[in-house]
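Enquirer: Coordinates in protein.csv, CSV, C-alpha atoms (C1' of nucleotides), are listed below.
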chain,number,residue,atom,x,y,z
A,1120,MET,CA,-55.1,-207.9,-18.6
A,1121,GLU,CA,-54.8,-205.0,-16.4
A,1122,ILE,CA,-55.1,-205.8,-12.8
A,1123,PHE,CA,-54.2,-203.6,-9.9
A,1124,ILE,CA,-53.8,-205.0,-6.4
A,1125,ASP,CA,-53.9,-202.5,-3.6
A,1126,LEU,CA,-52.0,-203.6,-0.5
A,1127,GLU,CA,-53.6,-200.8,1.5
A,1128,ASP,CA,-57.1,-202.1,0.6
A,1129,PRO,CA,-58.7,-203.6,3.6
A,1130,ASN,CA,-60.1,-206.3,1.4
A,1131,PRO,CA,-58.0,-209.5,1.1
A,1132,LEU,CA,-55.7,-209.7,-1.9
A,1133,PHE,CA,-57.4,-212.8,-3.2
A,1134,ALA,CA,-60.8,-211.1,-2.9
A,1135,GLN,CA,-59.5,-208.1,-4.9
A,1136,LEU,CA,-58.2,-210.5,-7.5
A,1137,ILE,CA,-61.6,-212.2,-7.8
A,1138,GLN,CA,-63.4,-208.9,-8.1
A,1139,GLN,CA,-61.0,-207.6,-10.8
A,1140,ILE,CA,-61.3,-210.7,-12.9
A,1141,LYS,CA,-65.1,-210.6,-12.6
A,1142,ASP,CA,-65.1,-206.9,-13.5
A,1143,ALA,CA,-62.9,-207.6,-16.5
A,1144,ILE,CA,-65.3,-210.3,-17.7
A,1145,LEU,CA,-68.3,-208.0,-17.2
A,1146,LYS,CA,-66.6,-205.2,-19.0
A,1147,GLY,CA,-65.8,-207.4,-21.9
A,1148,ASP,CA,-62.1,-207.3,-21.5
A,1149,LEU,CA,-62.2,-211.0,-20.9
A,1150,GLU,CA,-64.5,-213.0,-23.2
A,1151,PRO,CA,-65.9,-216.4,-22.5
A,1152,GLY,CA,-63.4,-219.0,-23.6
A,1153,ALA,CA,-60.5,-216.7,-23.4
A,1154,PRO,CA,-57.4,-218.0,-21.7
A,1155,LEU,CA,-56.2,-216.6,-18.4
A,1156,PRO,CA,-52.6,-216.3,-17.3
A,1157,SER,CA,-51.3,-219.2,-15.4
A,1158,ILE,CA,-51.2,-219.1,-11.6
A,1159,ARG,CA,-47.5,-218.7,-11.4
A,1160,GLN,CA,-47.4,-216.2,-14.3
A,1161,LEU,CA,-50.0,-214.0,-12.7
A,1162,ALA,CA,-48.4,-214.3,-9.4
A,1163,ASN,CA,-45.2,-213.0,-10.9
A,1164,GLU,CA,-46.9,-210.1,-12.6
A,1165,LEU,CA,-48.7,-209.0,-9.5
A,1166,GLU,CA,-45.9,-209.8,-7.2
A,1167,LEU,CA,-48.1,-212.1,-5.2
A,1168,ASN,CA,-47.6,-215.6,-3.8
A,1169,ALA,CA,-48.8,-218.3,-6.1
A,1170,LYS,CA,-51.0,-219.7,-3.4
A,1171,THR,CA,-52.9,-216.5,-3.2
A,1172,VAL,CA,-53.6,-216.5,-6.9
A,1173,ALA,CA,-54.5,-220.2,-6.7
A,1174,LYS,CA,-57.0,-219.5,-4.0
A,1175,ALA,CA,-58.7,-216.9,-6.1
A,1176,TYR,CA,-58.8,-219.2,-9.1
A,1177,GLN,CA,-60.3,-222.0,-7.1
A,1178,LEU,CA,-63.1,-219.9,-5.8
A,1179,LEU,CA,-63.7,-218.5,-9.3
A,1180,GLU,CA,-63.9,-222.0,-10.6
A,1181,ARG,CA,-66.3,-223.1,-7.9
A,1182,ASP,CA,-68.6,-220.3,-9.0
A,1183,SER,CA,-68.3,-221.4,-12.6
A,1184,VAL,CA,-66.7,-218.1,-13.6
A,1185,ILE,CA,-63.6,-219.8,-14.9
A,1186,GLN,CA,-62.6,-223.3,-16.0
A,1187,THR,CA,-59.3,-225.1,-15.3
A,1188,ARG,CA,-58.2,-227.7,-17.7
A,1189,GLY,CA,-55.3,-229.1,-15.9
A,1190,TYR,CA,-52.1,-228.8,-17.8
A,1191,ARG,CA,-53.8,-226.9,-20.5
A,1192,GLY,CA,-54.3,-223.8,-18.5
A,1193,THR,CA,-57.3,-221.8,-17.3
A,1194,PHE,CA,-60.1,-220.3,-19.3
A,1195,VAL,CA,-63.1,-218.1,-18.9
A,1196,HIS,CA,-66.2,-220.2,-18.4
A,1197,PRO,CA,-68.7,-220.2,-21.2
A,1198,ASP,CA,-71.4,-218.9,-18.9
A,1199,ALA,CA,-69.1,-216.7,-17.0
A,1200,ILE,CA,-71.0,-213.5,-17.6
A,1201,ALA,CA,-74.1,-214.8,-16.0
A,1202,ASN,CA,-72.3,-216.5,-13.2
A,1203,CYS,CA,-70.4,-213.3,-12.2
A,1204,GLY,CA,-73.5,-211.9,-10.7
A,1205,GLN,CA,-74.8,-214.8,-8.6
A,1206,ASP,CA,-72.6,-215.1,-5.6
A,1207,ILE,CA,-72.6,-218.2,-3.4
A,1208,ALA,CA,-71.7,-215.9,-0.5
A,1209,GLN,CA,-75.1,-214.4,-0.8
A,1210,LEU,CA,-76.8,-217.7,-0.6
A,1211,VAL,CA,-74.7,-218.6,2.4
A,1212,LEU,CA,-75.6,-215.3,4.1
A,1213,ASP,CA,-79.3,-215.9,3.5
A,1214,LYS,CA,-79.3,-219.4,4.9
A,1215,ILE,CA,-77.3,-218.6,7.9
A,1216,GLY,CA,-79.3,-215.4,8.5
A,1217,GLU,CA,-82.5,-217.4,8.5
A,1218,ALA,CA,-81.3,-219.9,11.0
A,1219,ILE,CA,-80.0,-217.2,13.3
A,1220,GLU,CA,-83.3,-215.4,13.1
A,1221,THR,CA,-85.2,-218.6,14.0
A,1222,CYS,CA,-82.9,-219.2,17.0
A,1223,ARG,CA,-83.4,-215.6,18.2
A,1224,GLU,CA,-87.1,-215.9,18.0
A,1225,ALA,CA,-86.9,-219.0,20.1
A,1226,GLY,CA,-85.2,-216.9,22.8
A,1227,ALA,CA,-81.7,-218.1,22.2
A,1228,THR,CA,-78.9,-215.9,23.4
A,1229,ASP,CA,-76.2,-214.6,21.0
A,1230,SER,CA,-73.7,-216.5,23.1
A,1231,GLU,CA,-75.6,-219.7,22.8
A,1232,ILE,CA,-75.9,-219.3,19.1
A,1233,ARG,CA,-72.2,-218.7,18.7
A,1234,ILE,CA,-71.4,-221.7,20.8
A,1235,ALA,CA,-73.8,-223.9,18.8
A,1236,PHE,CA,-72.2,-222.5,15.6
A,1237,SER,CA,-68.8,-223.4,16.8
A,1238,HIS,CA,-69.8,-226.9,17.7
A,1239,ALA,CA,-71.6,-227.4,14.4
A,1240,MET,CA,-68.7,-226.3,12.5
A,1241,ASN,CA,-66.3,-228.5,14.3
A,1242,ARG,CA,-68.6,-231.6,14.3
A,1243,THR,CA,-67.6,-232.3,10.7
A,1244,SER,CA,-64.7,-230.1,9.9
A,1245,ARG,CA,-63.1,-229.5,6.6
A,1246,ARG,CA,-60.1,-227.3,6.1
A,1247,ASN,CA,-60.3,-224.7,3.3
B,1257,MET,CA,-73.3,-228.2,46.3
B,1258,GLU,CA,-70.2,-229.4,44.8
B,1259,ILE,CA,-69.2,-227.5,41.7
B,1260,PHE,CA,-65.9,-227.6,40.0
B,1261,ILE,CA,-64.9,-225.0,37.5
B,1262,ASP,CA,-62.1,-225.9,35.2
B,1263,LEU,CA,-60.2,-222.9,33.9
B,1264,GLU,CA,-58.5,-225.1,31.4
B,1265,ASP,CA,-61.8,-226.3,29.9
B,1266,PRO,CA,-62.3,-224.7,26.5
B,1267,ASN,CA,-65.9,-224.2,27.3
B,1268,PRO,CA,-66.8,-220.8,28.8
B,1269,LEU,CA,-67.1,-220.7,32.5
B,1270,PHE,CA,-70.8,-219.7,32.5
B,1271,ALA,CA,-71.5,-222.7,30.3
B,1272,GLN,CA,-69.7,-225.1,32.6
B,1273,LEU,CA,-71.7,-223.6,35.5
B,1274,ILE,CA,-75.0,-224.2,33.7
B,1275,GLN,CA,-74.1,-227.8,33.0
B,1276,GLN,CA,-73.0,-228.5,36.5
B,1277,ILE,CA,-76.2,-227.2,38.0
B,1278,LYS,CA,-78.2,-229.2,35.5
B,1279,ASP,CA,-76.2,-232.3,36.4
B,1280,ALA,CA,-76.8,-231.7,40.1
B,1281,ILE,CA,-80.5,-231.5,39.5
B,1282,LEU,CA,-80.6,-234.6,37.3
B,1283,LYS,CA,-78.5,-236.5,39.8
B,1284,GLY,CA,-80.9,-235.5,42.6
B,1285,ASP,CA,-78.4,-233.4,44.5
B,1286,LEU,CA,-80.6,-230.5,43.9
B,1287,GLU,CA,-84.3,-231.0,44.3
B,1288,PRO,CA,-87.1,-228.9,42.9
B,1289,GLY,CA,-87.8,-226.0,45.2
B,1290,ALA,CA,-84.5,-226.2,46.9
B,1291,PRO,CA,-82.7,-222.9,47.3
B,1292,LEU,CA,-79.6,-222.0,45.4
B,1293,PRO,CA,-76.7,-219.9,46.6
B,1294,SER,CA,-77.0,-216.3,45.9
B,1295,ILE,CA,-75.1,-215.0,42.9
B,1296,ARG,CA,-72.5,-213.2,45.0
B,1297,GLN,CA,-72.1,-216.1,47.4
B,1298,LEU,CA,-71.6,-218.7,44.6
B,1299,ALA,CA,-69.2,-216.3,42.9
B,1300,ASN,CA,-67.2,-216.2,46.1
B,1301,GLU,CA,-67.1,-219.9,46.5
B,1302,LEU,CA,-66.0,-220.6,43.0
B,1303,GLU,CA,-63.8,-217.5,42.9
B,1304,LEU,CA,-65.6,-216.2,39.9
B,1305,ASN,CA,-66.9,-212.8,39.1
B,1306,ALA,CA,-70.5,-212.2,40.1
B,1307,LYS,CA,-71.3,-211.2,36.5
B,1308,THR,CA,-70.3,-214.7,35.3
B,1309,VAL,CA,-72.6,-216.4,37.7
B,1310,ALA,CA,-75.4,-214.0,37.0
B,1311,LYS,CA,-75.2,-214.8,33.3
B,1312,ALA,CA,-75.5,-218.5,34.1
B,1313,TYR,CA,-78.5,-217.9,36.4
B,1314,GLN,CA,-80.2,-215.8,33.8
B,1315,LEU,CA,-79.9,-218.5,31.2
B,1316,LEU,CA,-81.1,-221.2,33.6
B,1317,GLU,CA,-84.1,-219.1,34.5
B,1318,ARG,CA,-85.0,-218.6,30.8
B,1319,ASP,CA,-85.0,-222.4,30.4
B,1320,SER,CA,-87.2,-222.7,33.5
B,1321,VAL,CA,-84.6,-224.7,35.3
B,1322,ILE,CA,-84.4,-222.2,38.2
B,1323,GLN,CA,-86.6,-219.5,39.5
B,1324,THR,CA,-85.5,-216.1,40.8
B,1325,ARG,CA,-87.7,-214.5,43.4
B,1326,GLY,CA,-86.0,-211.1,43.6
B,1327,TYR,CA,-84.8,-210.3,47.1
B,1328,ARG,CA,-85.9,-213.8,48.3
B,1329,GLY,CA,-83.2,-215.6,46.4
B,1330,THR,CA,-83.1,-218.2,43.7
B,1331,PHE,CA,-84.7,-221.7,43.8
B,1332,VAL,CA,-84.8,-224.8,41.7
B,1333,HIS,CA,-87.8,-224.7,39.4
B,1334,PRO,CA,-90.7,-227.1,40.2
B,1335,ASP,CA,-90.4,-228.7,36.7
B,1336,ALA,CA,-86.6,-228.4,36.6
B,1337,ILE,CA,-86.0,-232.0,36.0
B,1338,ALA,CA,-88.1,-232.1,32.9
B,1339,ASN,CA,-86.7,-228.8,31.7
B,1340,CYS,CA,-83.1,-229.8,32.1
B,1341,GLY,CA,-83.5,-232.2,29.2
B,1342,GLN,CA,-85.1,-230.1,26.6
B,1343,ASP,CA,-82.5,-227.6,25.8
B,1344,ILE,CA,-83.0,-224.5,23.7
B,1345,ALA,CA,-79.3,-225.0,22.8
B,1346,GLN,CA,-80.3,-228.3,21.1
B,1347,LEU,CA,-82.8,-226.6,18.9
B,1348,VAL,CA,-80.3,-223.9,18.1
B,1349,LEU,CA,-77.7,-226.5,17.3
B,1350,ASP,CA,-80.1,-228.3,15.0
B,1351,LYS,CA,-81.1,-225.2,13.1
B,1352,ILE,CA,-77.6,-223.8,12.8
B,1353,GLY,CA,-76.3,-227.3,11.8
B,1354,GLU,CA,-78.9,-227.6,9.0
B,1355,ALA,CA,-77.9,-224.2,7.6
B,1356,ILE,CA,-74.2,-225.1,7.7
B,1357,GLU,CA,-74.9,-228.4,6.0
B,1358,THR,CA,-76.8,-226.6,3.2
B,1359,CYS,CA,-74.1,-224.1,2.7
B,1360,ARG,CA,-71.4,-226.8,2.5
B,1361,GLU,CA,-73.4,-228.8,0.0
B,1362,ALA,CA,-73.5,-225.7,-2.1
B,1363,GLY,CA,-69.8,-225.7,-2.1
B,1364,ALA,CA,-69.2,-222.9,0.3
B,1365,THR,CA,-65.9,-222.7,2.1
B,1366,ASP,CA,-65.7,-222.8,5.9
B,1367,SER,CA,-64.2,-219.3,5.8
B,1368,GLU,CA,-67.1,-218.0,3.8
B,1369,ILE,CA,-69.5,-219.6,6.2
B,1370,ARG,CA,-67.8,-218.1,9.2
B,1371,ILE,CA,-67.7,-214.7,7.6
B,1372,ALA,CA,-71.3,-214.9,6.7
B,1373,PHE,CA,-72.2,-215.9,10.2
B,1374,SER,CA,-70.3,-213.0,11.6
B,1375,HIS,CA,-72.0,-210.6,9.3
B,1376,ALA,CA,-75.4,-212.1,10.1
B,1377,MET,CA,-74.9,-211.8,13.8
B,1378,ASN,CA,-73.7,-208.2,13.6
B,1379,ARG,CA,-76.4,-207.1,11.2
B,1380,THR,CA,-79.0,-206.9,14.0
B,1381,SER,CA,-77.0,-207.3,17.1
B,1382,ARG,CA,-78.2,-207.7,20.6
B,1383,ARG,CA,-75.7,-208.1,23.5
B,1384,ASN,CA,-76.2,-210.9,25.8
C,1213,DA,C1',-37.3,-230.1,-20.3
C,1214,DT,C1',-41.0,-227.1,-19.4
C,1215,DA,C1',-45.4,-225.9,-18.0
C,1216,DT,C1',-50.0,-226.7,-16.1
C,1217,DG,C1',-53.1,-227.1,-11.8
C,1218,DT,C1',-53.1,-229.1,-7.4
C,1219,DA,C1',-51.7,-231.0,-2.9
C,1220,DC,C1',-49.2,-231.1,1.3
C,1221,DC,C1',-46.1,-229.4,4.7
C,1222,DA,C1',-45.4,-225.2,7.8
C,1223,DT,C1',-45.2,-220.4,9.9
C,1224,DA,C1',-45.9,-215.4,10.9
C,1225,DC,C1',-48.8,-211.6,11.3
C,1226,DG,C1',-52.7,-209.0,12.3
C,1227,DT,C1',-57.4,-208.5,13.4
C,1228,DT,C1',-61.4,-209.6,15.4
C,1229,DG,C1',-64.4,-210.5,19.1
C,1230,DT,C1',-65.8,-213.0,23.0
C,1231,DA,C1',-65.3,-213.9,27.7
C,1232,DA,C1',-64.3,-212.5,32.0
C,1233,DT,C1',-63.2,-209.2,34.9
C,1234,DG,C1',-64.1,-204.8,38.0
C,1235,DG,C1',-66.9,-201.1,40.0
C,1236,DT,C1',-71.1,-198.7,40.9
C,1237,DA,C1',-76.0,-198.2,41.5
C,1238,DC,C1',-80.8,-199.2,41.9
C,1239,DA,C1',-85.5,-200.8,44.0
C,1240,DA,C1',-87.4,-204.1,47.0
C,1241,DC,C1',-87.5,-206.3,51.1
C,1242,DA,C1',-85.9,-208.5,56.0
D,557,DT,C1',-78.0,-202.0,57.5
D,558,DG,C1',-77.6,-205.9,54.7
D,559,DT,C1',-79.1,-208.8,51.1
D,560,DT,C1',-81.6,-210.1,46.9
D,561,DG,C1',-81.4,-209.9,41.6
D,562,DT,C1',-80.5,-206.7,38.0
D,563,DA,C1',-78.6,-203.0,35.2
D,564,DC,C1',-75.2,-200.0,33.4
D,565,DC,C1',-70.6,-198.2,32.8
D,566,DA,C1',-65.9,-199.8,31.5
D,567,DT,C1',-61.4,-202.5,30.3
D,568,DT,C1',-58.4,-206.4,29.8
D,569,DA,C1',-56.7,-210.8,28.2
D,570,DC,C1',-56.9,-214.3,25.4
D,571,DA,C1',-57.9,-217.5,21.8
D,572,DA,C1',-59.5,-218.3,17.3
D,573,DC,C1',-59.4,-217.3,12.7
D,574,DG,C1',-58.0,-215.6,8.2
D,575,DT,C1',-54.6,-214.0,5.3
D,576,DA,C1',-50.5,-214.4,3.2
D,577,DT,C1',-46.2,-216.2,2.8
D,578,DG,C1',-42.6,-220.0,1.7
D,579,DG,C1',-41.0,-224.5,-0.1
D,580,DT,C1',-41.6,-229.1,-2.1
D,581,DA,C1',-43.8,-232.6,-4.7
D,582,DC,C1',-46.8,-234.9,-8.0
D,583,DA,C1',-49.2,-236.5,-12.5
D,584,DT,C1',-50.2,-234.9,-16.8
D,585,DA,C1',-49.3,-233.3,-20.8
D,586,DT,C1',-46.7,-230.3,-24.6
Give the structure from this file in structure tokens form.
Expert:
Amino acid sequence: MEIFIDLEDPNPLFAQLIQQIKDAILKGDLEPGAPLPSIRQLANELELNAKTVAKAYQLLERDSVIQTRGYRGTFVHPDAIANCGQDIAQLVLDKIGEAIETCREAGATDSEIRIAFSHAMNRTSRRN
Amino acid sequence: MEIFIDLEDPNPLFAQLIQQIKDAILKGDLEPGAPLPSIRQLANELELNAKTVAKAYQLLERDSVIQTRGYRGTFVHPDAIANCGQDIAQLVLDKIGEAIETCREAGATDSEIRIAFSHAMNRTSRRN
DNA sequence: ATATGTACCATACGTTGTAATGGTACAACA
DNA sequence: TGTTGTACCATTACAACGTATGGTACATAT
């Protein structure tokens, strides 16, 4: 694999990593079922912290782009190519956008929307 | 009127002011039709900036809790007591809360939700 | 032993963005 | 002249958040 991480890039490192892996899959450099480097191994290669790589892997697995099999390592998901396109972030953006639009039409102030958002997030908080 | 603003309270000052005025109305300390202090006057009493008080008054008027009559001053709305309860903020809270719940069920990270929220708010921004 | 992914602890840094502040000005009235 | 609410310019200060870092530990398997 050839992955280049640009420290000057305004995008977060883990986001760059995600994008590069997706690109590699879409280009065919990584085929479904193919093994990926271990977290620690890839962290060494790229001179990143293992946590950063782990974060990227976790998000990729959530999106069904890769599969982790515990001690056996990590592999490209069978349906990876299809799942590279559909982004959960897009769904989130749509849902949140709709809600905001509704609130604004009701006459809500941006400040109020922010306060409500803050409360709603803290009401049942999870750390990620 | 007896209003206490707590600088240590995590809630914004204008939000505290709104709540206190509503409370005063619900408690009967402020009756419908009663005059409120002018923006500058109240700002002096509470040692706040006039802009902060003005913001609170604007939101209260939007919710039909108070009425501003231009140069004549500001008064408690005739239907203030009823309008104190039904809060636009509550509707906002519900809508936003639903959207957040949907996103979380989809597996979205809190970070992703916050980022999406930020983007959605800035996409078509209005300052309030 | 060695390696896997994962979990938890914690901290430092930078950025972002709101809230709040200040000042000035206006038209409309007493 | 003084006051009302309102509007615009602007800046500062602060807190929240995300990112990335470091270390340690665990069960599971080769």
Enquirer: When distances are computed from all atoms listed in the file, which of A:Arg1191, A:Lys1214, A:Arg1159, A:Lys1141 shows the smallest separation from chain D?
Expert: A:Arg1191
Enquirer: Could you tell me how far atom CA of Ile1352 of chain B sits from atom CA of Ile1232 of chain A, in Å to one decimal place?
Expert: 7.9 Å
Enquirer: Quick one: pull the distance between atom CA of Asn1300 of chain B and atom CA of Glu1264 of chain B, Å, one decimal.
Expert: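 If I compute the distance from atom CA of Asn1300 of chain B to atom CA of Glu1264 of chain B, I get 19.3 Å.
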Enquirer: Any idea what's packed within 10 Å of Ala1239 of chain A, counting all atoms listed in the file, ignoring anything in its chain fewer than 2 positions away? Could you give it as a VMD selection string?
Expert: (chain A and resid 1233 to 1237 1241 to 1244) or (chain B and resid 1349 to 1357)
Enquirer: State, in Å with one decimal place, the distance from atom CA of Glu1287 of chain B to atom CA of Ala1336 of chain B.
Expert: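 Computed distance, atom CA of Glu1287 of chain B to atom CA of Ala1336 of chain B, equals 8.4 Å.
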Enquirer: Relative to chain B, what is the Cα RMSD of chain A after a least-squares superposition using every Cα atom paired in order?
Expert: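 After least-squares fitting, the two copies differ by 1.7 Å C-alpha RMSD.
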Enquirer: Counting all atoms listed in the file, which residues of chain C fall within 10 Å of segment 558-575 of chain D, and what is the closest atom pair for each with its distance in Å at one decimal, ordered by chain and rising number, as a tab-separated table?
Expert:
residue	atom	partner	partner_atom	distance
C:DC1225	C1'	D:DT575	C1'	8.7
C:DG1226	C1'	D:DT575	C1'	8.8
C:DT1227	C1'	D:DG574	C1'	8.8
C:DT1228	C1'	D:DC573	C1'	8.4
C:DG1229	C1'	D:DA572	C1'	9.4
C:DT1230	C1'	D:DA571	C1'	9.2
C:DA1231	C1'	D:DC570	C1'	8.7
C:DA1232	C1'	D:DA569	C1'	8.7
C:DT1233	C1'	D:DT568	C1'	7.5
C:DG1234	C1'	D:DA566	C1'	8.4
C:DG1235	C1'	D:DC565	C1'	8.6
C:DT1236	C1'	D:DC565	C1'	8.1
C:DA1237	C1'	D:DA563	C1'	8.3
C:DC1238	C1'	D:DA563	C1'	8.0
C:DA1239	C1'	D:DT562	C1'	9.8
C:DA1240	C1'	D:DT560	C1'	8.3
C:DC1241	C1'	D:DT560	C1'	8.2
C:DA1242	C1'	D:DT559	C1'	8.4
Enquirer: Can you rebuild segment 1328-1344 of chain B with N, CA, C and O atoms and give it as a compact mmCIF listing (two decimals), in the frame of the given file?
Expert:
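The resulting file, result-v1.txt, is shown below:
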# COMPACT_ATOMS: atom_id res chain seq x y z
N ARG B 1328 -85.78 -212.54 47.49
CA ARG B 1328 -85.90 -213.80 48.30
C ARG B 1328 -84.93 -214.84 47.88
O ARG B 1328 -84.81 -215.85 48.54
N GLY B 1329 -84.26 -214.61 46.78
CA GLY B 1329 -83.20 -215.60 46.40
C GLY B 1329 -83.65 -216.39 45.16
O GLY B 1329 -84.63 -216.08 44.47
N THR B 1330 -82.90 -217.43 44.91
CA THR B 1330 -83.10 -218.20 43.70
C THR B 1330 -83.37 -219.69 44.11
O THR B 1330 -82.76 -220.20 45.04
N PHE B 1331 -84.30 -220.33 43.41
CA PHE B 1331 -84.70 -221.70 43.80
C PHE B 1331 -84.78 -222.56 42.52
O PHE B 1331 -84.94 -222.05 41.41
N VAL B 1332 -84.68 -223.84 42.75
CA VAL B 1332 -84.80 -224.80 41.70
C VAL B 1332 -86.28 -224.81 41.22
O VAL B 1332 -87.19 -224.86 42.04
N HIS B 1333 -86.49 -224.75 39.93
CA HIS B 1333 -87.80 -224.70 39.40
C HIS B 1333 -88.59 -226.00 39.65
O HIS B 1333 -87.98 -227.07 39.62
N PRO B 1334 -89.89 -225.91 39.92
CA PRO B 1334 -90.70 -227.10 40.20
C PRO B 1334 -90.54 -228.17 39.08
O PRO B 1334 -90.47 -229.37 39.36
N ASP B 1335 -90.51 -227.71 37.84
CA ASP B 1335 -90.40 -228.70 36.70
C ASP B 1335 -88.97 -228.75 36.20
O ASP B 1335 -88.73 -229.09 35.04
N ALA B 1336 -88.05 -228.47 37.07
CA ALA B 1336 -86.60 -228.40 36.60
C ALA B 1336 -86.17 -229.65 35.95
O ALA B 1336 -85.53 -229.59 34.91
N ILE B 1337 -86.51 -230.78 36.56
CA ILE B 1337 -86.00 -232.00 36.00
C ILE B 1337 -86.38 -232.24 34.58
O ILE B 1337 -85.58 -232.63 33.74
N ALA B 1338 -87.65 -231.93 34.29
CA ALA B 1338 -88.10 -232.10 32.90
C ALA B 1338 -87.43 -231.06 32.00
O ALA B 1338 -87.08 -231.36 30.86
N ASN B 1339 -87.27 -229.87 32.52
CA ASN B 1339 -86.70 -228.80 31.70
C ASN B 1339 -85.23 -228.87 31.49
O ASN B 1339 -84.68 -228.16 30.66
N CYS B 1340 -84.59 -229.69 32.28
CA CYS B 1340 -83.10 -229.80 32.10
C CYS B 1340 -82.84 -230.50 30.77
O CYS B 1340 -81.85 -230.21 30.12
N GLY B 1341 -83.71 -231.44 30.41
CA GLY B 1341 -83.50 -232.20 29.20
C GLY B 1341 -83.66 -231.36 27.94
O GLY B 1341 -82.76 -231.23 27.13
N GLN B 1342 -84.86 -230.79 27.84
CA GLN B 1342 -85.10 -230.10 26.60
C GLN B 1342 -84.36 -228.76 26.64
O GLN B 1342 -84.63 -227.85 27.39
N ASP B 1343 -83.40 -228.72 25.79
CA ASP B 1343 -82.50 -227.60 25.80
C ASP B 1343 -82.76 -226.71 24.57
O ASP B 1343 -82.88 -227.21 23.46
N ILE B 1344 -82.88 -225.45 24.82
CA ILE B 1344 -83.00 -224.50 23.70
C ILE B 1344 -81.71 -224.64 22.85
O ILE B 1344 -81.74 -224.55 21.63
